[in-house]
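Quick look at work_32.cif (mmCIF, C-alpha atoms):
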```cif
data_upload
#
loop_
_atom_site.label_atom_id
_atom_site.label_comp_id
_atom_site.auth_asym_id
_atom_site.auth_seq_id
_atom_site.Cartn_x
_atom_site.Cartn_y
_atom_site.Cartn_z
CA MET A 944 105.30 -191.27 -12.73
CA THR A 945 108.87 -191.05 -13.98
CA ALA A 946 108.19 -187.70 -15.64
CA SER A 947 106.72 -186.20 -12.46
CA ARG A 948 109.66 -187.51 -10.41
CA THR A 949 112.10 -185.99 -12.90
CA MET A 950 110.24 -182.66 -12.68
CA SER A 951 110.31 -182.71 -8.88
CA ILE A 952 114.06 -183.41 -8.92
CA GLU A 953 114.60 -180.51 -11.32
CA ASN A 954 112.53 -178.20 -9.12
CA LEU A 955 114.48 -179.29 -6.07
CA ALA A 956 117.78 -178.68 -7.87
CA SER A 957 116.57 -175.25 -9.01
CA LYS A 958 115.47 -174.26 -5.52
CA SER A 959 118.74 -175.52 -4.05
CA GLN A 960 120.71 -173.50 -6.56
CA GLU A 961 118.63 -170.42 -5.79
CA CYS A 962 119.13 -170.86 -2.04
CA LEU A 963 122.87 -171.32 -2.53
CA GLN A 964 123.06 -168.19 -4.68
CA ASN A 965 121.06 -166.16 -2.14
CA ALA A 966 123.27 -167.41 0.70
CA LEU A 967 126.43 -166.54 -1.22
CA THR A 968 125.06 -163.08 -2.07
CA PHE A 969 124.19 -162.48 1.58
CA ILE A 970 127.67 -163.51 2.74
CA VAL A 971 129.49 -161.39 0.14
CA PHE A 972 127.51 -158.24 0.87
CA LEU A 973 127.73 -158.82 4.62
CA PHE A 974 131.51 -158.89 4.20
CA LEU A 975 131.32 -155.68 2.14
CA ASP A 976 129.23 -154.08 4.91
CA PHE A 977 131.96 -154.92 7.40
CA ALA A 978 134.75 -153.79 5.06
CA ASP A 979 133.03 -150.45 4.42
CA ALA A 980 132.65 -149.86 8.17
CA ILE A 981 136.35 -150.58 8.73
CA LEU A 982 137.31 -148.25 5.89
CA CYS A 983 135.09 -145.56 7.43
CA VAL A 984 137.28 -145.62 10.55
CA VAL A 985 140.49 -145.82 8.49
CA TYR A 986 139.59 -142.80 6.35
CA LYS A 987 138.50 -140.71 9.33
CA CYS A 988 141.87 -141.40 10.96
CA LEU A 989 143.83 -140.69 7.77
CA ASP A 990 141.87 -137.52 7.02
CA THR A 991 142.41 -136.28 10.56
CA PHE A 992 146.14 -137.07 10.43
CA LEU A 993 146.76 -135.67 6.92
CA GLU A 994 144.29 -132.77 6.79
CA GLY A 995 143.60 -131.92 10.41
CA LYS A 996 139.92 -132.90 10.35
CA SER A 997 137.94 -135.98 9.44
CA SER A 998 135.75 -135.79 6.36
CA PRO A 999 131.97 -135.95 6.71
CA CYS A 1000 130.34 -139.16 5.51
CA HIS A 1001 126.86 -140.68 5.48
CA CYS A 1002 127.36 -143.81 7.55
CA GLY A 1003 125.29 -142.75 10.54
CA ASN A 1004 121.74 -141.48 10.80
CA LYS A 1005 120.64 -138.25 9.18
CA GLU A 1006 121.12 -136.17 12.32
CA SER A 1007 124.79 -137.13 12.74
CA SER A 1008 125.84 -137.08 9.09
CA ALA A 1009 127.14 -134.62 6.57
CA ALA A 1010 124.07 -133.22 4.90
CA THR A 1011 122.15 -132.07 7.97
CA GLY A 1012 120.69 -128.64 7.50
CA CYS A 1013 120.08 -129.27 3.80
CA ASP A 1014 116.60 -128.63 2.49
CA GLU A 1015 114.94 -131.78 1.19
CA ASP A 1016 113.35 -129.68 -1.55
CA ASP A 1017 116.85 -129.26 -2.99
CA GLY A 1018 116.81 -132.96 -3.85
CA ILE A 1019 119.16 -134.24 -1.16
CA SER A 1020 118.59 -137.98 -1.22
CA ASP A 1021 117.60 -140.04 1.79
CA SER A 1022 119.35 -142.99 0.11
CA PHE A 1023 122.48 -141.69 1.86
CA TYR A 1024 121.09 -142.93 5.15
CA GLY A 1025 118.81 -145.81 4.12
CA ARG A 1026 121.49 -148.32 3.20
CA ASN A 1027 121.08 -150.28 6.45
CA ASN A 1028 124.69 -151.12 7.25
CA VAL A 1029 124.75 -152.02 10.94
CA PHE A 1030 128.55 -152.06 11.05
CA SER A 1031 128.76 -148.52 9.63
CA LYS A 1032 126.27 -147.21 12.17
CA MET A 1033 128.39 -148.69 14.93
CA SER A 1034 131.56 -147.04 13.59
CA SER A 1035 129.70 -143.76 13.16
CA PHE A 1036 128.59 -143.90 16.80
CA VAL A 1037 132.22 -144.21 17.88
CA PHE A 1038 133.06 -140.92 16.13
CA GLN A 1039 129.79 -139.17 16.90
CA ARG A 1040 131.07 -137.03 19.80
CA LYS A 1041 134.23 -136.12 17.97
CA TRP A 1042 132.24 -135.21 14.85
CA ARG A 1043 129.97 -132.91 16.82
CA ASN A 1044 133.03 -130.96 17.95
CA HIS A 1045 134.05 -130.35 14.34
CA LYS A 1046 130.60 -129.81 12.90
CA SER A 1047 130.58 -126.06 13.39
CA ASP A 1048 133.79 -125.76 11.35
CA GLU A 1049 132.54 -127.85 8.44
CA LYS A 1050 131.92 -124.95 6.04
CA VAL A 1051 135.34 -123.40 6.76
CA TYR A 1052 136.99 -126.75 6.23
CA ASN A 1053 135.27 -127.32 2.89
CA SER A 1054 135.96 -123.83 1.58
CA GLU A 1055 139.66 -124.01 2.43
CA VAL A 1056 140.40 -127.53 1.20
CA LYS A 1057 139.92 -127.68 -2.57
CA THR A 1058 141.06 -131.26 -3.04
CA LYS A 1059 141.60 -134.20 -0.73
CA TRP A 1060 144.76 -136.24 -0.29
CA SER A 1061 143.01 -139.25 -1.84
CA ASP A 1062 142.16 -137.29 -5.03
CA CYS A 1063 144.50 -136.66 -7.94
CA SER A 1064 146.33 -133.33 -7.78
CA CYS A 1065 147.84 -133.29 -11.27
CA GLU A 1066 147.62 -130.11 -13.36
CA ASN A 1067 144.91 -131.52 -15.60
CA CYS A 1068 142.66 -132.58 -12.72
CA LEU A 1069 143.02 -129.21 -10.97
CA SER A 1070 142.69 -127.06 -14.09
CA TRP A 1071 139.27 -125.85 -12.90
CA LEU A 1072 140.90 -124.06 -9.96
CA LYS A 1073 142.71 -121.68 -12.33
CA ASP A 1074 139.41 -120.12 -13.32
CA GLY A 1075 138.20 -119.98 -9.75
CA GLY A 1076 135.63 -122.72 -10.24
CA GLU A 1077 132.97 -120.21 -11.25
CA LYS A 1078 131.73 -121.84 -14.45
CA LEU A 1079 131.48 -125.19 -16.20
CA HIS A 1080 133.93 -126.24 -18.89
CA LEU A 1081 132.23 -126.40 -22.27
CA VAL A 1082 133.03 -126.95 -25.92
CA VAL A 1083 131.28 -124.56 -28.29
CA LYS A 1084 130.91 -125.35 -32.00
CA GLU A 1085 129.84 -122.33 -33.99
CA PRO A 1086 127.77 -122.71 -37.17
CA SER A 1087 129.95 -122.61 -40.27
CA GLN A 1088 127.65 -120.07 -41.90
CA VAL A 1089 126.26 -117.17 -39.89
CA SER A 1090 122.83 -116.06 -41.01
CA SER A 1091 122.45 -112.41 -42.06
CA ASP A 1092 118.68 -112.60 -41.71
CA PRO A 1093 117.69 -110.67 -38.55
CA ILE A 1094 114.33 -112.43 -38.48
CA ARG A 1095 115.86 -115.91 -38.46
CA GLU A 1096 116.07 -117.33 -34.98
CA ASP A 1097 119.31 -118.88 -33.72
CA GLU A 1098 119.40 -122.66 -33.49
CA ASN A 1099 121.20 -123.71 -30.31
CA VAL A 1100 121.73 -127.20 -28.93
CA ILE A 1101 122.92 -128.05 -25.40
CA PHE A 1102 124.41 -131.52 -24.90
CA ILE A 1103 124.49 -133.10 -21.42
CA HIS A 1104 126.56 -136.23 -20.86
CA GLY A 1105 125.97 -139.09 -18.43
CA PHE A 1106 127.81 -140.64 -15.50
CA LEU A 1107 131.64 -140.90 -15.69
CA CYS A 1108 131.70 -139.02 -18.99
CA SER A 1109 132.46 -135.52 -20.24
CA SER A 1110 131.77 -133.25 -23.20
CA SER A 1111 133.98 -135.60 -25.24
CA PHE A 1112 131.08 -138.05 -25.26
CA TRP A 1113 129.34 -135.72 -27.73
CA THR A 1114 132.27 -134.06 -29.51
CA GLU A 1115 133.63 -137.47 -30.51
CA THR A 1116 130.28 -138.81 -31.71
CA VAL A 1117 127.64 -136.29 -32.81
CA PHE A 1118 129.92 -133.33 -33.59
CA LYS A 1119 131.98 -135.39 -36.05
CA ASN A 1120 128.98 -136.81 -37.90
CA LEU A 1121 126.81 -133.77 -38.51
CA SER A 1122 125.68 -133.09 -42.06
CA GLU A 1123 126.75 -129.93 -43.91
CA THR A 1124 123.28 -128.48 -43.42
CA ALA A 1125 123.43 -129.03 -39.65
CA ASN A 1126 126.94 -127.59 -39.47
CA ARG A 1127 125.65 -124.41 -41.13
CA THR A 1128 122.52 -124.24 -38.97
CA TYR A 1129 123.24 -125.13 -35.36
CA LYS A 1130 125.41 -123.72 -32.61
CA LEU A 1131 126.40 -126.58 -30.33
CA PHE A 1132 127.27 -126.50 -26.63
CA ALA A 1133 128.76 -129.63 -25.04
CA ILE A 1134 129.27 -129.16 -21.30
CA ASP A 1135 131.23 -130.96 -18.63
CA LEU A 1136 128.74 -131.40 -15.81
CA LEU A 1137 129.57 -130.17 -12.33
CA GLY A 1138 131.93 -132.76 -10.81
CA PHE A 1139 133.15 -134.28 -14.10
CA GLY A 1140 135.68 -133.62 -16.84
CA LYS A 1141 137.37 -130.23 -16.55
CA SER A 1142 134.49 -128.63 -14.65
CA PRO A 1143 134.66 -127.63 -10.96
CA LYS A 1144 134.56 -130.39 -8.34
CA PRO A 1145 134.06 -128.49 -5.06
CA LEU A 1146 133.99 -130.38 -1.77
CA ASP A 1147 131.28 -128.17 -0.28
CA CYS A 1148 128.78 -128.98 -3.05
CA GLN A 1149 125.94 -131.51 -2.75
CA TYR A 1150 125.63 -131.92 -6.57
CA SER A 1151 121.86 -131.72 -6.51
CA LEU A 1152 119.65 -130.94 -9.50
CA LYS A 1153 119.47 -127.35 -8.27
CA ASP A 1154 123.27 -127.09 -8.25
CA HIS A 1155 123.48 -128.41 -11.82
CA LEU A 1156 120.79 -126.08 -13.15
CA GLU A 1157 122.40 -123.02 -11.59
CA MET A 1158 125.78 -123.86 -13.13
CA ILE A 1159 124.32 -124.56 -16.59
CA GLU A 1160 122.45 -121.25 -16.51
CA LYS A 1161 125.53 -119.39 -15.28
CA SER A 1162 127.87 -121.05 -17.80
CA VAL A 1163 125.74 -121.39 -20.95
CA ILE A 1164 122.23 -119.93 -21.01
CA ASN A 1165 122.92 -116.52 -19.44
CA PRO A 1166 126.35 -115.61 -20.89
CA TYR A 1167 125.35 -116.70 -24.41
CA GLU A 1168 121.87 -115.17 -24.03
CA LEU A 1169 120.11 -118.27 -25.30
CA LYS A 1170 116.46 -117.47 -25.89
CA SER A 1171 115.73 -120.91 -27.30
CA PHE A 1172 117.57 -124.23 -27.48
CA HIS A 1173 117.31 -127.95 -28.10
CA LEU A 1174 118.43 -130.35 -25.36
CA VAL A 1175 120.18 -133.69 -25.84
CA ALA A 1176 121.14 -135.88 -22.88
CA HIS A 1177 122.31 -139.39 -22.06
CA SER A 1178 121.81 -141.54 -18.94
CA MET A 1179 122.36 -139.51 -15.74
CA GLY A 1180 122.28 -136.33 -17.81
CA CYS A 1181 118.61 -136.99 -18.64
CA PRO A 1182 117.08 -136.02 -15.25
CA ILE A 1183 119.22 -132.84 -15.37
CA ALA A 1184 117.98 -132.07 -18.89
CA LEU A 1185 114.40 -132.78 -17.83
CA ALA A 1186 114.73 -130.41 -14.87
CA LEU A 1187 116.25 -127.72 -17.11
CA ALA A 1188 113.49 -128.12 -19.69
CA ALA A 1189 110.81 -127.91 -17.00
CA LYS A 1190 112.37 -124.70 -15.70
CA HIS A 1191 112.42 -123.15 -19.20
CA PRO A 1192 109.52 -124.88 -21.01
CA LYS A 1193 108.88 -121.93 -23.34
CA SER A 1194 112.49 -121.85 -24.48
CA VAL A 1195 113.01 -125.55 -25.19
CA LYS A 1196 112.46 -126.45 -28.84
CA SER A 1197 112.96 -130.17 -28.28
CA LEU A 1198 114.25 -132.65 -25.72
CA THR A 1199 116.10 -135.82 -26.72
CA ILE A 1200 116.86 -138.26 -23.91
CA VAL A 1201 118.89 -141.42 -24.50
CA ALA A 1202 118.82 -144.35 -22.05
CA PRO A 1203 117.21 -142.01 -19.50
CA ALA A 1204 118.11 -142.65 -15.85
CA ILE A 1205 114.75 -141.18 -14.93
CA PHE A 1206 113.03 -143.01 -12.12
CA SER A 1207 109.96 -141.63 -10.44
CA CYS A 1208 108.74 -142.06 -6.90
CA GLY A 1209 105.94 -140.55 -4.86
CA LYS A 1210 106.51 -137.81 -2.33
CA ASP A 1211 106.16 -140.35 0.46
CA GLU A 1212 108.36 -142.99 -1.18
CA GLU A 1213 111.97 -143.15 -0.05
CA SER A 1214 114.77 -142.52 -2.53
CA VAL A 1215 116.43 -145.72 -1.35
CA GLU A 1216 113.79 -147.60 -3.35
CA VAL A 1217 115.15 -145.91 -6.47
CA LEU A 1218 118.65 -146.94 -5.42
CA LYS A 1219 117.48 -150.55 -5.23
CA LYS A 1220 116.16 -150.34 -8.79
CA LEU A 1221 119.30 -148.63 -10.07
CA ALA A 1222 121.83 -150.85 -8.29
CA THR A 1223 120.31 -154.12 -7.14
CA LYS A 1224 122.56 -156.04 -4.78
CA THR A 1225 123.56 -158.98 -6.94
CA LEU A 1226 126.73 -160.89 -7.80
CA TRP A 1227 125.96 -161.40 -11.46
CA PRO A 1228 126.37 -160.05 -14.05
CA ALA A 1229 129.70 -158.46 -13.15
CA GLU A 1230 128.58 -155.03 -14.34
CA SER A 1231 125.62 -155.09 -11.95
CA PHE A 1232 127.82 -156.23 -9.06
CA GLN A 1233 130.28 -153.41 -9.74
CA ARG A 1234 127.45 -150.87 -9.89
CA SER A 1235 125.94 -152.10 -6.61
CA VAL A 1236 129.28 -151.91 -4.80
CA MET A 1237 129.97 -148.35 -5.96
CA ALA A 1238 126.42 -147.14 -5.21
CA TRP A 1239 125.93 -148.78 -1.81
CA TYR A 1240 129.38 -148.54 -0.22
CA GLU A 1241 130.71 -145.03 0.25
CA HIS A 1242 134.19 -145.89 1.53
CA ILE A 1243 134.82 -148.87 -0.73
CA GLY A 1244 133.93 -146.53 -3.57
CA ARG A 1245 136.42 -143.99 -2.28
CA SER A 1246 139.09 -146.71 -2.22
CA VAL A 1247 138.38 -147.61 -5.84
CA CYS A 1248 138.64 -143.93 -6.81
CA PHE A 1249 141.91 -143.67 -4.89
CA LEU A 1250 143.39 -146.61 -6.78
CA VAL A 1251 142.02 -145.71 -10.22
CA CYS A 1252 141.54 -141.94 -10.38
CA ARG A 1253 144.40 -140.72 -8.22
CA HIS A 1254 146.83 -142.88 -10.21
CA HIS A 1255 145.19 -142.40 -13.62
CA ARG A 1256 148.45 -141.27 -15.24
CA THR A 1257 150.06 -144.59 -14.32
CA TRP A 1258 147.13 -146.57 -15.73
CA GLU A 1259 147.04 -144.48 -18.90
CA SER A 1260 150.76 -145.00 -19.41
CA LEU A 1261 150.32 -148.74 -18.93
CA ILE A 1262 147.46 -148.86 -21.43
CA MET A 1263 149.52 -146.99 -24.03
CA ARG A 1264 152.36 -149.45 -23.60
CA ILE A 1265 150.07 -152.43 -24.00
CA THR A 1266 148.18 -151.02 -26.98
CA LYS A 1267 151.29 -149.36 -28.44
CA LYS A 1268 149.33 -146.17 -29.08
CA ARG A 1269 150.32 -142.58 -28.37
CA ASP A 1270 147.10 -141.73 -26.60
CA VAL A 1271 144.29 -143.31 -24.62
CA ASN A 1272 140.71 -143.45 -25.85
CA PHE A 1273 138.63 -140.49 -24.63
CA ALA A 1274 136.09 -142.79 -22.95
CA ILE A 1275 138.81 -144.36 -20.79
CA LYS A 1276 140.14 -140.94 -19.80
CA ASP A 1277 136.67 -139.79 -18.81
CA LEU A 1278 136.40 -142.65 -16.32
CA THR A 1279 138.93 -140.92 -14.07
CA LYS A 1280 137.97 -137.24 -14.50
CA HIS A 1281 136.09 -136.92 -11.23
CA THR A 1282 136.45 -137.24 -7.47
CA HIS A 1283 134.72 -139.71 -5.21
CA HIS A 1284 132.81 -136.88 -3.56
CA SER A 1285 131.40 -135.68 -6.89
CA THR A 1286 130.43 -139.12 -8.23
CA TRP A 1287 128.92 -140.33 -4.96
CA HIS A 1288 126.72 -137.26 -4.56
CA ASN A 1289 125.75 -137.13 -8.23
CA VAL A 1290 124.43 -140.69 -8.21
CA HIS A 1291 122.43 -140.24 -5.02
CA ASN A 1292 121.22 -136.66 -5.38
CA VAL A 1293 120.58 -136.48 -9.13
CA ILE A 1294 119.12 -139.94 -9.82
CA CYS A 1295 117.77 -141.04 -6.43
CA GLY A 1296 117.05 -137.70 -4.76
CA GLY A 1297 115.74 -136.16 -7.97
CA ALA A 1298 113.26 -138.98 -8.60
CA LYS A 1299 110.53 -137.30 -6.55
CA PHE A 1300 110.53 -134.32 -8.94
CA MET A 1301 110.37 -136.25 -12.23
CA ASP A 1302 106.60 -136.67 -12.50
CA GLY A 1303 106.11 -132.96 -11.87
CA TYR A 1304 108.66 -132.06 -14.56
CA LEU A 1305 107.03 -134.42 -17.07
CA GLU A 1306 103.64 -132.86 -16.36
CA ILE A 1307 105.04 -129.38 -17.06
CA LEU A 1308 106.54 -130.48 -20.39
CA LYS A 1309 103.37 -132.34 -21.33
CA ASN A 1310 101.23 -129.26 -20.73
CA ALA A 1311 103.72 -127.05 -22.57
CA GLY A 1312 103.70 -129.38 -25.58
CA VAL A 1313 107.50 -129.73 -25.66
CA LYS A 1314 108.55 -132.31 -28.24
CA ILE A 1315 110.30 -135.24 -26.57
CA ASN A 1316 112.36 -137.92 -28.30
CA ILE A 1317 113.23 -141.03 -26.24
CA ILE A 1318 115.86 -143.52 -27.42
CA HIS A 1319 116.75 -146.72 -25.57
CA GLY A 1320 118.65 -149.91 -26.36
CA ASP A 1321 116.80 -153.19 -25.82
CA ARG A 1322 119.93 -154.74 -24.28
CA ASP A 1323 120.60 -151.96 -21.79
CA ASN A 1324 121.63 -153.63 -18.51
CA THR A 1325 122.28 -150.33 -16.75
CA ILE A 1326 118.98 -148.49 -17.10
CA PRO A 1327 115.89 -150.66 -17.68
CA THR A 1328 113.74 -149.89 -20.72
CA GLU A 1329 110.81 -149.60 -18.30
CA CYS A 1330 112.08 -146.08 -17.53
CA SER A 1331 111.50 -145.04 -21.15
CA TYR A 1332 108.15 -146.79 -21.40
CA ASP A 1333 107.06 -145.03 -18.22
CA ILE A 1334 107.96 -141.62 -19.67
CA LYS A 1335 106.08 -142.44 -22.88
CA LYS A 1336 103.05 -143.44 -20.83
CA LYS A 1337 103.06 -140.17 -18.90
CA VAL A 1338 103.75 -137.96 -21.91
CA GLY A 1339 101.65 -139.43 -24.68
CA HIS A 1340 103.01 -137.25 -27.48
CA ALA A 1341 106.64 -138.30 -26.79
CA GLU A 1342 108.35 -140.34 -29.50
CA LEU A 1343 109.92 -143.61 -28.33
CA SER A 1344 112.50 -145.64 -30.26
CA ILE A 1345 113.75 -148.95 -28.90
CA ILE A 1346 116.97 -149.86 -30.72
CA ARG A 1347 117.54 -153.58 -31.26
CA ASN A 1348 120.77 -155.19 -29.98
CA ALA A 1349 121.91 -151.89 -28.45
CA THR A 1350 123.37 -151.51 -24.95
CA HIS A 1351 123.62 -148.49 -22.67
CA SER A 1352 126.58 -147.01 -24.58
CA SER A 1353 126.42 -148.73 -27.97
CA VAL A 1354 123.01 -147.15 -28.57
CA ILE A 1355 125.16 -144.16 -29.58
CA PHE A 1356 128.74 -145.39 -30.02
CA ARG A 1357 128.00 -148.15 -32.56
CA ARG A 1358 125.50 -146.11 -34.55
CA LYS A 1359 126.93 -142.61 -34.49
CA LYS A 1360 125.80 -141.62 -37.98
CA ASP A 1361 122.28 -143.03 -37.58
CA PHE A 1362 121.94 -141.41 -34.19
CA THR A 1363 123.12 -138.03 -35.50
CA GLN A 1364 120.76 -138.23 -38.48
CA ASN A 1365 117.92 -139.01 -36.09
CA LEU A 1366 118.80 -135.91 -34.06
CA GLU A 1367 118.91 -133.66 -37.11
CA HIS A 1368 115.56 -134.91 -38.34
CA PHE A 1369 114.00 -134.40 -34.90
CA TRP A 1370 115.45 -130.88 -34.56
CA ALA A 1371 114.17 -129.93 -38.01
CA SER A 1372 110.68 -131.19 -37.20
CA SER A 1373 110.55 -129.28 -33.93
CA THR A 1374 108.96 -125.87 -33.68
CA LEU A 1375 109.36 -123.40 -30.86
CA PRO A 1376 106.31 -123.09 -28.59
CA GLU A 1377 104.57 -119.73 -28.61
CA ASN A 1378 105.67 -116.88 -26.35
CA SER A 1379 109.22 -118.16 -26.13
CA SER A 1380 111.43 -116.19 -23.82
CA LEU A 1381 113.61 -116.88 -20.85
#
```
Encoding of this model in structure tokens:
Amino acid sequence: MTASRTMSIENLASKSQECLQNALTFIVFLFLDFADAILCVVYKCLDTFLEGKSSPCHCGNKESSAATGCDEDDGISDSFYGRNNVFSKMSSFVFQRKWRNHKSDEKVYNSEVKTKWSDCSCENCLSWLKDGGEKLHLVVKEPSQVSSDPIREDENVIFIHGFLCSSSFWTETVFKNLSETANRTYKLFAIDLLGFGKSPKPLDCQYSLKDHLEMIEKSVINPYELKSFHLVAHSMGCPIALALAAKHPKSVKSLTIVAPAIFSCGKDEESVEVLKKLATKTLWPAESFQRSVMAWYEHIGRSVCFLVCRHHRTWESLIMRITKKRDVNFAIKDLTKHTHHSTWHNVHNVICGGAKFMDGYLEILKNAGVKINIIHGDRDNTIPTECSYDIKKKVGHAELSIIRNATHSSVIFRRKKDFTQNLEHFWASSTLPENSSL
């Protein structure tokens, strides 16, 4: 009797704690809904005052928001409009008539204004404008020994980084740990994705999978005349690599995806469901709360970027003073090499909007027999391991490695040599499918 009473008390306490946590979560995110709606009005006023026109946002319905006229087949995500913020819809209604008056001038506005007042305008952040914004920034590592054998086929590797990173993610890890044999054999291309690092960050771009593929082809595949290549990608770079491989299945020797942010959804399933999986609205752990705020709240996210990215030189100077070092770690610098427009659209259009294409891409690679290597840390709190297991299930011949005690980043950072050796072994074991040509 005493034991059952104790159990009932424990159950009651557990339910009470759960109810309290749910109530607190509801209150916090309701406040964030209200704050984001207020910031929507504030930014529209500031943009109008400082730039002459208010910037398009996604607070209203699809008909009154920025991406109308975009083809859904381009991967434009409906998660922009499915976030169910009543306050934002009210604020959007207030500006609806005014926005209609400016809508016809939207393309002119975007083509003339290269950077916003809330973005950093330092020389480093605007370096992409010097080249006209035509191509991606990339780091090319030539093989130390050029083969004189005309029959021998070139070995090329394209590296694609993840969210809030740049080509440094690979040059500081894999490039520095390659064996002598690999250094003599492979030509490496580490790119800065569209919207990150030193690559272009245009305001009139939707940063869809199609946009990324076109820029990679224009910047790497076509100018270097790559007839075959290996692909290596991490996190958000994985759906881009998968799309690129599916577009050129006869040219891809192998595909390595690490902690793949590859979610799949049916044609009739809304991308907002993917957003819920990627960034669940929760207060704990802190990393998940931060991710949910940045993914669900457009204007709060812009405020964070204004405070952190626009003033990155101040923060970097402060970090150097505290650490007493002459430079800041590359990973910290990468956190600020973007604009809010580029990060916001990349998350929604690449991961959420691109989810409906993933199953089709996997089917193409499965039928083409492309070798796929999947690596995931068992303590990854950013991308669930279910994503990797799902890929393995759909592509039976794919190799899957679950790394013990590894997180989303440490799966590479804390095992650089092992990871690089794994890559080299996988590249060496890969053979080019027949009839390879672009």
d(CA of Trp1287 (chain A), CA of Thr1257 (chain A)) in Å | 23.5 Å
Would you mind reading off the distance between CA of Asn1316 (chain A) and CA of Lys1084 (chain A), one decimal, in Å?
-> 22.7 Å
Sel. within 12 Å of pt (114.5, -132.3, -39.6), counting only C-alpha atoms, output as a PyMOL selection string = chain A and resi 1122+1124-1125+1128+1197+1363-1374
Non-local contacts of Ser997 (chain A) (6 Å; only C-alpha atoms; under 5 positions in same chain excluded) as a PDB file with C-alpha atoms, in the coordinates of the input:
```
ATOM      1  CA  LYS A 987     138.500-140.710   9.330  1.00  0.00           C
ATOM      2  CA  ASP A 990     141.870-137.520   7.020  1.00  0.00           C
ATOM      3  CA  THR A 991     142.410-136.280  10.560  1.00  0.00           C
TER       4      THR A 991
END
```
Contacts between region 1329-1342 of chain A and region 1145-1210 of chain A, please, where a residue of region 1145-1210 of chain A counts if it comes within 7 Å (with all atoms listed in the file); show its shortest atom pair and distance in Å to one decimal, rows by chain and ascending number, as JSON lines.
```
{"residue": "A:Pro1203", "atom": "CA", "partner": "A:Ser1331", "partner_atom": "CA", "distance": 6.7}
{"residue": "A:Ile1205", "atom": "CA", "partner": "A:Cys1330", "partner_atom": "CA", "distance": 6.2}
{"residue": "A:Phe1206", "atom": "CA", "partner": "A:Cys1330", "partner_atom": "CA", "distance": 6.3}
```
For each of A:Leu1152, A:Ile1355, A:Leu1169, A:Cys1063, take the minimum atom-to-atom distance to Ile1019 (chain A), counting all atoms listed in the file, then give the residue where this is smallest.
->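 Ranking A:Leu1152, A:Ile1355, A:Leu1169, A:Cys1063 by distance to Ile1019 (chain A), first place goes to A:Leu1152.
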Pick out the residues sitting within 7 Å of region 1300-1307 of chain A, and hand them over as a VMD selection string; count only C-alpha atoms, and ignore anything fewer than 5 positions along from it in its own chain.
-> chain A and resid 1185 to 1186 1189 1207 1338
So which residues get picked by the PyMOL selection byres ((chain A and resi 978) around 12) here, written as a list in words?
->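 When the PyMOL selection byres ((chain A and resi 978) around 12) is applied to the shown file, the picked residues are Val971, Phe972, Leu973, Phe974, Leu975, Asp976, Phe977, Asp979, Ala980, Ile981, Leu982, Cys983, Val984, Val985, Asn1028, Val1029, Phe1030, Ser1031, Ser1034, Val1236, Tyr1240, Glu1241, His1242, Ile1243, Gly1244 and Ser1246 of chain A.
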